[in-house]
$ cat protein_2.cif   # mmCIF, C-alpha atoms
data_entry
#
loop_
_atom_site.group_PDB
_atom_site.id
_atom_site.type_symbol
_atom_site.label_atom_id
_atom_site.label_comp_id
_atom_site.auth_asym_id
_atom_site.auth_seq_id
_atom_site.Cartn_x
_atom_site.Cartn_y
_atom_site.Cartn_z
ATOM 1 C CA MET H 675 -14.432 28.900 -102.315
ATOM 2 C CA ASP H 676 -14.755 25.564 -104.142
ATOM 3 C CA GLU H 677 -13.069 22.586 -102.569
ATOM 4 C CA LYS H 678 -12.668 19.015 -103.713
ATOM 5 C CA LEU H 679 -13.099 15.852 -101.717
ATOM 6 C CA VAL H 680 -10.620 13.065 -102.494
ATOM 7 C CA ILE H 681 -11.294 9.494 -101.413
ATOM 8 C CA ASN H 682 -8.261 7.238 -101.191
ATOM 9 C CA TYR H 683 -8.535 3.495 -101.630
ATOM 10 C CA GLN H 684 -6.809 0.523 -103.180
ATOM 11 C CA ARG H 685 -8.492 -1.787 -105.672
ATOM 12 C CA PHE H 686 -7.645 -5.479 -106.030
ATOM 13 C CA ASP H 687 -9.020 -8.132 -108.371
ATOM 14 C CA ASN H 688 -9.575 -10.636 -105.550
ATOM 15 C CA ILE H 689 -8.619 -11.380 -101.944
ATOM 16 C CA ASP H 690 -5.562 -13.369 -103.050
ATOM 17 C CA GLN H 691 -3.902 -10.051 -103.938
ATOM 18 C CA LEU H 692 -4.262 -8.717 -100.389
ATOM 19 C CA GLU H 693 -1.452 -8.893 -97.854
ATOM 20 C CA ALA H 694 -1.660 -11.992 -95.658
ATOM 21 C CA SER H 695 -3.364 -10.385 -92.642
ATOM 22 C CA ASP H 696 -6.019 -8.718 -94.836
ATOM 23 C CA LYS H 697 -6.626 -11.978 -96.702
ATOM 24 C CA GLU H 698 -7.033 -13.797 -93.374
ATOM 25 C CA LEU H 699 -9.567 -11.182 -92.237
ATOM 26 C CA SER H 700 -11.424 -11.403 -95.561
ATOM 27 C CA LEU H 701 -11.660 -15.183 -95.324
ATOM 28 C CA ALA H 702 -13.018 -14.791 -91.780
ATOM 29 C CA ALA H 703 -15.707 -12.417 -93.120
ATOM 30 C CA ILE H 704 -16.662 -14.994 -95.747
ATOM 31 C CA ASP H 705 -16.831 -17.650 -93.019
ATOM 32 C CA ALA H 706 -19.043 -15.331 -90.938
ATOM 33 C CA LEU H 707 -21.702 -15.576 -93.664
ATOM 34 C CA LYS H 708 -22.584 -19.006 -92.196
ATOM 35 C CA GLY H 709 -24.199 -17.252 -89.227
ATOM 36 C CA SER H 710 -26.317 -14.861 -91.287
ATOM 37 C CA TYR H 711 -30.032 -14.988 -90.587
ATOM 38 C CA ALA H 712 -31.747 -13.253 -93.506
ATOM 39 C CA PRO H 713 -34.997 -15.109 -94.337
ATOM 40 C CA TYR H 714 -36.815 -11.906 -95.335
ATOM 41 C CA SER H 715 -34.329 -10.085 -97.560
ATOM 42 C CA ASN H 716 -32.129 -13.039 -98.581
ATOM 43 C CA PHE H 717 -29.284 -10.500 -98.373
ATOM 44 C CA HIS H 718 -26.594 -12.270 -96.371
ATOM 45 C CA VAL H 719 -23.681 -10.254 -94.965
ATOM 46 C CA GLY H 720 -20.604 -11.356 -93.076
ATOM 47 C CA ALA H 721 -18.080 -9.160 -91.311
ATOM 48 C CA ALA H 722 -14.820 -9.831 -89.533
ATOM 49 C CA LEU H 723 -13.061 -7.364 -87.294
ATOM 50 C CA ARG H 724 -9.408 -7.412 -86.278
ATOM 51 C CA LEU H 725 -8.504 -6.118 -82.847
ATOM 52 C CA LYS H 726 -5.174 -4.495 -82.069
ATOM 53 C CA ASP H 727 -4.069 -7.612 -80.179
ATOM 54 C CA GLY H 728 -4.613 -9.693 -83.344
ATOM 55 C CA ARG H 729 -7.869 -11.391 -82.365
ATOM 56 C CA ILE H 730 -10.585 -11.623 -85.002
ATOM 57 C CA VAL H 731 -14.266 -11.188 -84.103
ATOM 58 C CA LYS H 732 -16.941 -12.220 -86.605
ATOM 59 C CA GLY H 733 -20.453 -10.954 -87.118
ATOM 60 C CA SER H 734 -23.312 -11.553 -89.524
ATOM 61 C CA ASN H 735 -26.569 -9.791 -90.246
ATOM 62 C CA GLN H 736 -29.541 -10.846 -88.157
ATOM 63 C CA GLU H 737 -33.073 -10.133 -89.365
ATOM 64 C CA ASN H 738 -36.322 -10.323 -87.440
ATOM 65 C CA ALA H 739 -39.977 -10.445 -88.441
ATOM 66 C CA ALA H 740 -40.468 -7.341 -86.304
ATOM 67 C CA TYR H 741 -38.547 -5.168 -88.760
ATOM 68 C CA PRO H 742 -36.348 -3.150 -88.058
ATOM 69 C CA SER H 743 -35.349 -5.191 -85.003
ATOM 70 C CA GLY H 744 -32.466 -6.874 -86.837
ATOM 71 C CA LEU H 745 -28.861 -5.757 -86.989
ATOM 72 C CA CYS H 746 -26.208 -5.445 -89.691
ATOM 73 C CA ALA H 747 -23.162 -7.731 -89.737
ATOM 74 C CA GLU H 748 -20.749 -4.854 -89.205
ATOM 75 C CA ARG H 749 -22.410 -3.642 -86.021
ATOM 76 C CA THR H 750 -22.880 -7.203 -84.779
ATOM 77 C CA ALA H 751 -19.100 -7.703 -85.028
ATOM 78 C CA MET H 752 -18.161 -4.301 -83.578
ATOM 79 C CA PHE H 753 -20.562 -4.517 -80.644
ATOM 80 C CA ALA H 754 -19.545 -8.124 -79.882
ATOM 81 C CA ALA H 755 -15.874 -7.096 -79.934
ATOM 82 C CA ASN H 756 -16.464 -4.188 -77.584
ATOM 83 C CA ALA H 757 -18.640 -6.267 -75.242
ATOM 84 C CA ASN H 758 -16.140 -9.126 -75.044
ATOM 85 C CA TYR H 759 -12.866 -7.177 -75.284
ATOM 86 C CA PRO H 760 -13.592 -3.700 -73.880
ATOM 87 C CA GLY H 761 -10.811 -1.204 -74.400
ATOM 88 C CA VAL H 762 -9.047 -3.256 -77.089
ATOM 89 C CA PRO H 763 -8.876 -1.059 -80.224
ATOM 90 C CA GLN H 764 -10.577 -2.221 -83.406
ATOM 91 C CA THR H 765 -8.112 -1.793 -86.277
ATOM 92 C CA SER H 766 -9.631 -3.320 -89.413
ATOM 93 C CA ILE H 767 -12.941 -4.678 -90.696
ATOM 94 C CA ALA H 768 -13.734 -6.810 -93.756
ATOM 95 C CA ILE H 769 -17.262 -7.039 -95.163
ATOM 96 C CA VAL H 770 -18.820 -9.363 -97.745
ATOM 97 C CA SER H 771 -22.339 -10.076 -98.987
ATOM 98 C CA THR H 772 -23.934 -12.802 -101.076
ATOM 99 C CA TYR H 773 -26.878 -13.166 -103.380
ATOM 100 C CA HIS H 774 -29.704 -15.497 -102.332
ATOM 101 C CA ASP H 775 -27.896 -18.357 -104.138
ATOM 102 C CA GLY H 776 -24.753 -17.868 -102.038
ATOM 103 C CA THR H 777 -22.577 -16.270 -104.715
ATOM 104 C CA ILE H 778 -20.631 -13.097 -103.987
ATOM 105 C CA PRO H 779 -21.696 -10.231 -106.289
ATOM 106 C CA GLY H 780 -19.041 -8.779 -108.596
ATOM 107 C CA ASN H 781 -19.088 -5.380 -106.908
ATOM 108 C CA PRO H 782 -18.775 -5.251 -103.122
ATOM 109 C CA ALA H 783 -21.675 -4.166 -100.958
ATOM 110 C CA THR H 784 -21.000 -1.047 -98.932
ATOM 111 C CA PRO H 785 -21.922 -0.465 -95.276
ATOM 112 C CA CYS H 786 -25.051 1.480 -94.419
ATOM 113 C CA GLY H 787 -24.766 4.916 -92.834
ATOM 114 C CA SER H 788 -25.425 3.610 -89.318
ATOM 115 C CA CYS H 789 -22.593 1.084 -89.603
ATOM 116 C CA ARG H 790 -20.247 3.734 -90.988
ATOM 117 C CA GLN H 791 -21.011 5.981 -88.039
ATOM 118 C CA VAL H 792 -20.371 3.178 -85.526
ATOM 119 C CA MET H 793 -17.069 2.431 -87.314
ATOM 120 C CA ALA H 794 -16.181 6.108 -87.018
ATOM 121 C CA GLU H 795 -16.820 6.085 -83.278
ATOM 122 C CA PHE H 796 -14.718 2.976 -82.660
ATOM 123 C CA GLN H 797 -11.959 4.460 -84.823
ATOM 124 C CA LYS H 798 -12.081 7.619 -82.707
ATOM 125 C CA LEU H 799 -12.025 5.618 -79.452
ATOM 126 C CA ALA H 800 -9.014 3.638 -80.722
ATOM 127 C CA GLY H 801 -7.108 6.821 -81.507
ATOM 128 C CA GLU H 802 -5.909 5.328 -84.786
ATOM 129 C CA ASN H 803 -7.291 4.530 -88.222
ATOM 130 C CA MET H 804 -9.548 1.546 -88.814
ATOM 131 C CA SER H 805 -9.111 0.121 -92.306
ATOM 132 C CA VAL H 806 -12.173 -1.095 -94.200
ATOM 133 C CA ILE H 807 -12.075 -3.947 -96.739
ATOM 134 C CA LEU H 808 -15.085 -4.428 -99.007
ATOM 135 C CA ILE H 809 -15.121 -7.800 -100.766
ATOM 136 C CA GLY H 810 -16.730 -8.404 -104.139
ATOM 137 C CA GLY H 811 -16.415 -11.293 -106.561
ATOM 138 C CA LYS H 812 -14.671 -9.184 -109.205
ATOM 139 C CA MET H 813 -13.018 -6.540 -107.044
ATOM 140 C CA VAL H 814 -11.928 -5.849 -103.496
ATOM 141 C CA LEU H 815 -11.636 -2.311 -102.183
ATOM 142 C CA LYS H 816 -9.466 -1.333 -99.227
ATOM 143 C CA PHE H 817 -9.820 1.997 -97.447
ATOM 144 C CA GLU H 818 -7.125 2.928 -94.912
ATOM 145 C CA LYS H 819 -9.541 4.780 -92.635
ATOM 146 C CA VAL H 820 -13.255 5.165 -92.007
ATOM 147 C CA ASP H 821 -13.059 8.820 -93.052
ATOM 148 C CA ASP H 822 -12.657 7.638 -96.649
ATOM 149 C CA ILE H 823 -16.091 5.988 -96.624
ATOM 150 C CA LEU H 824 -17.715 8.569 -94.328
ATOM 151 C CA PRO H 825 -16.414 12.064 -94.992
ATOM 152 C CA PHE H 826 -17.559 14.763 -92.550
ATOM 153 C CA ILE H 827 -18.022 12.248 -89.744
ATOM 154 C CA PHE H 828 -20.485 13.230 -87.023
ATOM 155 C CA ASP H 829 -18.319 13.455 -83.931
ATOM 156 C CA SER H 830 -19.704 14.328 -80.532
ATOM 157 C CA LEU H 831 -16.889 12.671 -78.569
ATOM 158 C CA ASP H 832 -15.033 15.972 -78.341
#

$ encode --input "protein_2.cif" --output "structure tokens"
Amino acid sequence: MDEKLVINYQRFDNIDQLEASDKELSLAAIDALKGSYAPYSNFHVGAALRLKDGRIVKGSNQENAAYPSGLCAERTAMFAANANYPGVPQTSIAIVSTYHDGTIPGNPATPCGSCRQVMAEFQKLAGENMSVILIGGKMVLKFEKVDDILPFIFDSLD
């Protein structure tokens, strides 16, 4: 039997078109770029995570000469949130990248598979959807749940 996979998302021209809380989170992700340490790839990434209690936790990618000892911005934010606020559900994450000259590319960068899987686990632990906002210079994509960027999630929590 053939089946079809449908991915639901919203597309915006820029962050100004987002609702206020999503715009705030997106601006926090852009601010998180300041902490990026990417001297080897020059690929700077910022992420901001909203917790259920409203707090925002930022993260940025961290590289290391002993590759692959670095860590992506998304996981930096998620792990920091869980370490500092254990048990508080993570409800939304915004992600942005820049070129080496500091400009945001037109199309948003997407999370790697490892980050998507960590998002899926925190979504499962929260017992509710985690929205994902991907910020580009010419478009912003919003997914209402991690499942829309990682279909057929690996799930060993059951």

$ closest_residue --input "protein_2.cif" --among "H:Asn735, H:Gln797, H:Thr750, H:Asn781" --to "H:Val762" --atoms "only C-alpha atoms"
H:Gln797

$ closest_residue --input "protein_2.cif" --among "H:Asp821, H:Glu677, H:Glu737, H:Asp705" --to "H:Val770" --atoms "all atoms listed in the file"
H:Asp705

$ closest_residue --input "protein_2.cif" --among "H:Ile704, H:Leu815, H:Met675, H:Ala747" --to "H:Ile778" --atoms "all atoms listed in the file"
H:Ile704

$ resolve_selection --input "protein_2.cif" --expression "the PyMOL selection byres ((chain H and resi 789) around 12)" --output "PyMOL selection string"
chain H and resi 721+735+745-753+767+769+784-788+790-796+806+820+823-824

$ closest_residue --input "protein_2.cif" --among "H:Gly733, H:Gly801, H:Pro825, H:Gly811" --to "H:Ala768" --atoms "only C-alpha atoms"
H:Gly733

$ residues_around --input "protein_2.cif" --residues "stretch 699-702 of chain H" --least-positions-apart "5" --cutoff "9 Å" --atoms "only C-alpha atoms" --output "PyMOL selection string"
chain H and resi 689+694+707+720-724+730-732+766-770+807-809

$ write_last_selection --input "protein_2.cif" --atoms "C-alpha atoms" --output "PDB file, in the coordinates of the input"
ATOM      1  CA  ILE H 689      -8.619 -11.380-101.944  1.00  0.00           C
ATOM      2  CA  ALA H 694      -1.660 -11.992 -95.658  1.00  0.00           C
ATOM      3  CA  LEU H 707     -21.702 -15.576 -93.664  1.00  0.00           C
ATOM      4  CA  GLY H 720     -20.604 -11.356 -93.076  1.00  0.00           C
ATOM      5  CA  ALA H 721     -18.080  -9.160 -91.311  1.00  0.00           C
ATOM      6  CA  ALA H 722     -14.820  -9.831 -89.533  1.00  0.00           C
ATOM      7  CA  LEU H 723     -13.061  -7.364 -87.294  1.00  0.00           C
ATOM      8  CA  ARG H 724      -9.408  -7.412 -86.278  1.00  0.00           C
ATOM      9  CA  ILE H 730     -10.585 -11.623 -85.002  1.00  0.00           C
ATOM     10  CA  VAL H 731     -14.266 -11.188 -84.103  1.00  0.00           C
ATOM     11  CA  LYS H 732     -16.941 -12.220 -86.605  1.00  0.00           C
ATOM     12  CA  SER H 766      -9.631  -3.320 -89.413  1.00  0.00           C
ATOM     13  CA  ILE H 767     -12.941  -4.678 -90.696  1.00  0.00           C
ATOM     14  CA  ALA H 768     -13.734  -6.810 -93.756  1.00  0.00           C
ATOM     15  CA  ILE H 769     -17.262  -7.039 -95.163  1.00  0.00           C
ATOM     16  CA  VAL H 770     -18.820  -9.363 -97.745  1.00  0.00           C
ATOM     17  CA  ILE H 807     -12.075  -3.947 -96.739  1.00  0.00           C
ATOM     18  CA  LEU H 808     -15.085  -4.428 -99.007  1.00  0.00           C
ATOM     19  CA  ILE H 809     -15.121  -7.800-100.766  1.00  0.00           C
TER      20      ILE H 809
END

$ resolve_selection --input "protein_2.cif" --expression "the PyMOL selection byres ((chain H and resi 687) around 12)" --output "short mmCIF file (atom, residue, chain, number, x, y, z; two decimals) with C-alpha atoms, in the frame of the given file"
data_model
loop_
_atom_site.label_atom_id
_atom_site.label_comp_id
_atom_site.auth_asym_id
_atom_site.auth_seq_id
_atom_site.Cartn_x
_atom_site.Cartn_y
_atom_site.Cartn_z
CA GLN H 684 -6.81 0.52 -103.18
CA ARG H 685 -8.49 -1.79 -105.67
CA PHE H 686 -7.64 -5.48 -106.03
CA ASN H 688 -9.57 -10.64 -105.55
CA ILE H 689 -8.62 -11.38 -101.94
CA ASP H 690 -5.56 -13.37 -103.05
CA GLN H 691 -3.90 -10.05 -103.94
CA LEU H 692 -4.26 -8.72 -100.39
CA GLY H 780 -19.04 -8.78 -108.60
CA ASN H 781 -19.09 -5.38 -106.91
CA PRO H 782 -18.77 -5.25 -103.12
CA LEU H 808 -15.08 -4.43 -99.01
CA ILE H 809 -15.12 -7.80 -100.77
CA GLY H 810 -16.73 -8.40 -104.14
CA GLY H 811 -16.42 -11.29 -106.56
CA LYS H 812 -14.67 -9.18 -109.20
CA MET H 813 -13.02 -6.54 -107.04
CA VAL H 814 -11.93 -5.85 -103.50
CA LEU H 815 -11.64 -2.31 -102.18
CA LYS H 816 -9.47 -1.33 -99.23
#

$ residues_around --input "protein_2.cif" --residues "H:Ser715" --least-positions-apart "6" --cutoff "12 Å" --atoms "all atoms listed in the file" --output "CSV table (one decimal) with C-alpha atoms, in the frame of the given file"
chain,number,residue,atom,x,y,z
H,735,ASN,CA,-26.6,-9.8,-90.2
H,736,GLN,CA,-29.5,-10.8,-88.2
H,737,GLU,CA,-33.1,-10.1,-89.4
H,738,ASN,CA,-36.3,-10.3,-87.4
H,739,ALA,CA,-40.0,-10.4,-88.4
H,741,TYR,CA,-38.5,-5.2,-88.8
H,742,PRO,CA,-36.3,-3.2,-88.1
H,744,GLY,CA,-32.5,-6.9,-86.8
H,772,THR,CA,-23.9,-12.8,-101.1
H,773,TYR,CA,-26.9,-13.2,-103.4
H,774,HIS,CA,-29.7,-15.5,-102.3

$ atom_distance --input "protein_2.cif" --atom1 "atom CA of H:Ile681" --atom2 "atom CA of H:Glu693"
21.2 Å

$ closest_residue --input "protein_2.cif" --among "H:His718, H:Lys819, H:Lys708, H:Lys726" --to "H:Pro760" --atoms "all atoms listed in the file"
H:Lys726

$ atom_distance --input "protein_2.cif" --atom1 "atom CA of H:Asn803" --atom2 "atom CA of H:Asp822"
10.5 Å

$ atom_distance --input "protein_2.cif" --atom1 "atom CA of H:Gly709" --atom2 "atom CA of H:Ala783"
17.8 Å

$ axis_aligned_box --input "protein_2.cif" --around "stretch 695-704 of chain H" --padding-each-side "6 Å" --output "lines of an AutoDock Vina configuration file"
center_x = -10.0
center_y = -12.0
center_z = -94.2
size_x = 25.3
size_y = 18.5
size_z = 16.9

$ closest_residue --input "protein_2.cif" --among "H:Tyr683, H:Tyr711, H:Met804, H:Gly776" --to "H:Leu725" --atoms "only C-alpha atoms"
H:Met804

$ build_atoms --input "protein_2.cif" --residues "stretch 798-832 of chain H" --atoms "N, CA and C atoms" --output "mmCIF file, in the coordinates of the input"
data_model
loop_
_atom_site.group_PDB
_atom_site.id
_atom_site.type_symbol
_atom_site.label_atom_id
_atom_site.label_comp_id
_atom_site.auth_asym_id
_atom_site.auth_seq_id
_atom_site.Cartn_x
_atom_site.Cartn_y
_atom_site.Cartn_z
ATOM 1 N N LYS H 798 -12.412 6.481 -83.578
ATOM 2 C CA LYS H 798 -12.081 7.619 -82.707
ATOM 3 C C LYS H 798 -11.653 7.122 -81.320
ATOM 4 N N LEU H 799 -12.373 6.160 -80.771
ATOM 5 C CA LEU H 799 -12.025 5.618 -79.452
ATOM 6 C C LEU H 799 -10.649 4.955 -79.475
ATOM 7 N N ALA H 800 -10.312 4.313 -80.602
ATOM 8 C CA ALA H 800 -9.014 3.638 -80.722
ATOM 9 C C ALA H 800 -7.866 4.629 -80.838
ATOM 10 N N GLY H 801 -8.163 5.826 -81.328
ATOM 11 C CA GLY H 801 -7.108 6.821 -81.507
ATOM 12 C C GLY H 801 -6.204 6.527 -82.692
ATOM 13 N N GLU H 802 -6.662 5.650 -83.572
ATOM 14 C CA GLU H 802 -5.909 5.328 -84.786
ATOM 15 C C GLU H 802 -6.891 4.894 -85.869
ATOM 16 N N ASN H 803 -6.426 4.875 -87.098
ATOM 17 C CA ASN H 803 -7.291 4.530 -88.222
ATOM 18 C C ASN H 803 -7.767 3.089 -88.154
ATOM 19 N N MET H 804 -8.991 2.879 -88.619
ATOM 20 C CA MET H 804 -9.548 1.546 -88.814
ATOM 21 C C MET H 804 -9.675 1.353 -90.321
ATOM 22 N N SER H 805 -8.983 0.374 -90.873
ATOM 23 C CA SER H 805 -9.111 0.121 -92.306
ATOM 24 C C SER H 805 -10.395 -0.652 -92.574
ATOM 25 N N VAL H 806 -10.919 -0.475 -93.798
ATOM 26 C CA VAL H 806 -12.173 -1.095 -94.200
ATOM 27 C C VAL H 806 -11.927 -1.827 -95.516
ATOM 28 N N ILE H 807 -12.247 -3.128 -95.543
ATOM 29 C CA ILE H 807 -12.075 -3.947 -96.739
ATOM 30 C C ILE H 807 -13.460 -4.390 -97.194
ATOM 31 N N LEU H 808 -13.798 -4.054 -98.431
ATOM 32 C CA LEU H 808 -15.085 -4.428 -99.007
ATOM 33 C C LEU H 808 -14.828 -5.476 -100.086
ATOM 34 N N ILE H 809 -15.422 -6.648 -99.919
ATOM 35 C CA ILE H 809 -15.121 -7.800 -100.766
ATOM 36 C C ILE H 809 -16.221 -8.028 -101.793
ATOM 37 N N GLY H 810 -15.834 -8.034 -103.047
ATOM 38 C CA GLY H 810 -16.730 -8.404 -104.139
ATOM 39 C C GLY H 810 -16.121 -9.553 -104.912
ATOM 40 N N GLY H 811 -16.902 -10.173 -105.778
ATOM 41 C CA GLY H 811 -16.415 -11.293 -106.561
ATOM 42 C C GLY H 811 -15.448 -10.894 -107.658
ATOM 43 N N LYS H 812 -15.548 -9.645 -108.131
ATOM 44 C CA LYS H 812 -14.671 -9.184 -109.205
ATOM 45 C C LYS H 812 -13.740 -8.062 -108.777
ATOM 46 N N MET H 813 -13.919 -7.557 -107.564
ATOM 47 C CA MET H 813 -13.018 -6.540 -107.044
ATOM 48 C C MET H 813 -13.121 -6.457 -105.529
ATOM 49 N N VAL H 814 -12.014 -6.071 -104.933
ATOM 50 C CA VAL H 814 -11.928 -5.849 -103.496
ATOM 51 C C VAL H 814 -11.405 -4.434 -103.317
ATOM 52 N N LEU H 815 -12.054 -3.675 -102.457
ATOM 53 C CA LEU H 815 -11.636 -2.311 -102.183
ATOM 54 C C LEU H 815 -11.122 -2.231 -100.749
ATOM 55 N N LYS H 816 -10.004 -1.532 -100.570
ATOM 56 C CA LYS H 816 -9.466 -1.333 -99.227
ATOM 57 C C LYS H 816 -9.298 0.163 -98.977
ATOM 58 N N PHE H 817 -9.911 0.619 -97.891
ATOM 59 C CA PHE H 817 -9.820 1.997 -97.447
ATOM 60 C C PHE H 817 -8.983 2.006 -96.170
ATOM 61 N N GLU H 818 -8.032 2.903 -96.061
ATOM 62 C CA GLU H 818 -7.125 2.928 -94.912
ATOM 63 C C GLU H 818 -7.757 3.489 -93.649
ATOM 64 N N LYS H 819 -8.872 4.206 -93.810
ATOM 65 C CA LYS H 819 -9.541 4.780 -92.635
ATOM 66 C C LYS H 819 -11.019 4.971 -92.931
ATOM 67 N N VAL H 820 -11.808 5.009 -91.883
ATOM 68 C CA VAL H 820 -13.255 5.165 -92.007
ATOM 69 C C VAL H 820 -13.600 6.487 -92.674
ATOM 70 N N ASP H 821 -12.799 7.505 -92.461
ATOM 71 C CA ASP H 821 -13.059 8.820 -93.052
ATOM 72 C C ASP H 821 -13.233 8.750 -94.567
ATOM 73 N N ASP H 822 -12.582 7.761 -95.200
ATOM 74 C CA ASP H 822 -12.657 7.638 -96.649
ATOM 75 C C ASP H 822 -13.988 7.068 -97.124
ATOM 76 N N ILE H 823 -14.752 6.434 -96.235
ATOM 77 C CA ILE H 823 -16.091 5.988 -96.624
ATOM 78 C C ILE H 823 -17.177 6.813 -95.931
ATOM 79 N N LEU H 824 -16.777 7.685 -95.024
ATOM 80 C CA LEU H 824 -17.715 8.569 -94.328
ATOM 81 C C LEU H 824 -17.063 9.930 -94.116
ATOM 82 N N PRO H 825 -16.977 10.718 -95.185
ATOM 83 C CA PRO H 825 -16.414 12.064 -94.992
ATOM 84 C C PRO H 825 -17.356 12.909 -94.119
ATOM 85 N N PHE H 826 -16.797 13.871 -93.441
ATOM 86 C CA PHE H 826 -17.559 14.763 -92.550
ATOM 87 C C PHE H 826 -18.270 13.966 -91.457
ATOM 88 N N ILE H 827 -17.509 13.103 -90.809
ATOM 89 C CA ILE H 827 -18.022 12.248 -89.744
ATOM 90 C C ILE H 827 -18.690 13.078 -88.658
ATOM 91 N N PHE H 828 -19.849 12.624 -88.193
ATOM 92 C CA PHE H 828 -20.485 13.230 -87.023
ATOM 93 C C PHE H 828 -19.679 12.814 -85.807
ATOM 94 N N ASP H 829 -19.200 13.775 -85.045
ATOM 95 C CA ASP H 829 -18.319 13.455 -83.931
ATOM 96 C C ASP H 829 -18.689 14.273 -82.719
ATOM 97 N N SER H 830 -19.339 13.624 -81.766
ATOM 98 C CA SER H 830 -19.704 14.328 -80.532
ATOM 99 C C SER H 830 -18.819 13.895 -79.369
ATOM 100 N N LEU H 831 -17.753 13.130 -79.648
ATOM 101 C CA LEU H 831 -16.889 12.671 -78.569
ATOM 102 C C LEU H 831 -15.988 13.776 -78.048
ATOM 103 N N ASP H 832 -15.846 14.837 -78.790
ATOM 104 C CA ASP H 832 -15.033 15.972 -78.341
ATOM 105 C C ASP H 832 -15.876 16.870 -77.495
#
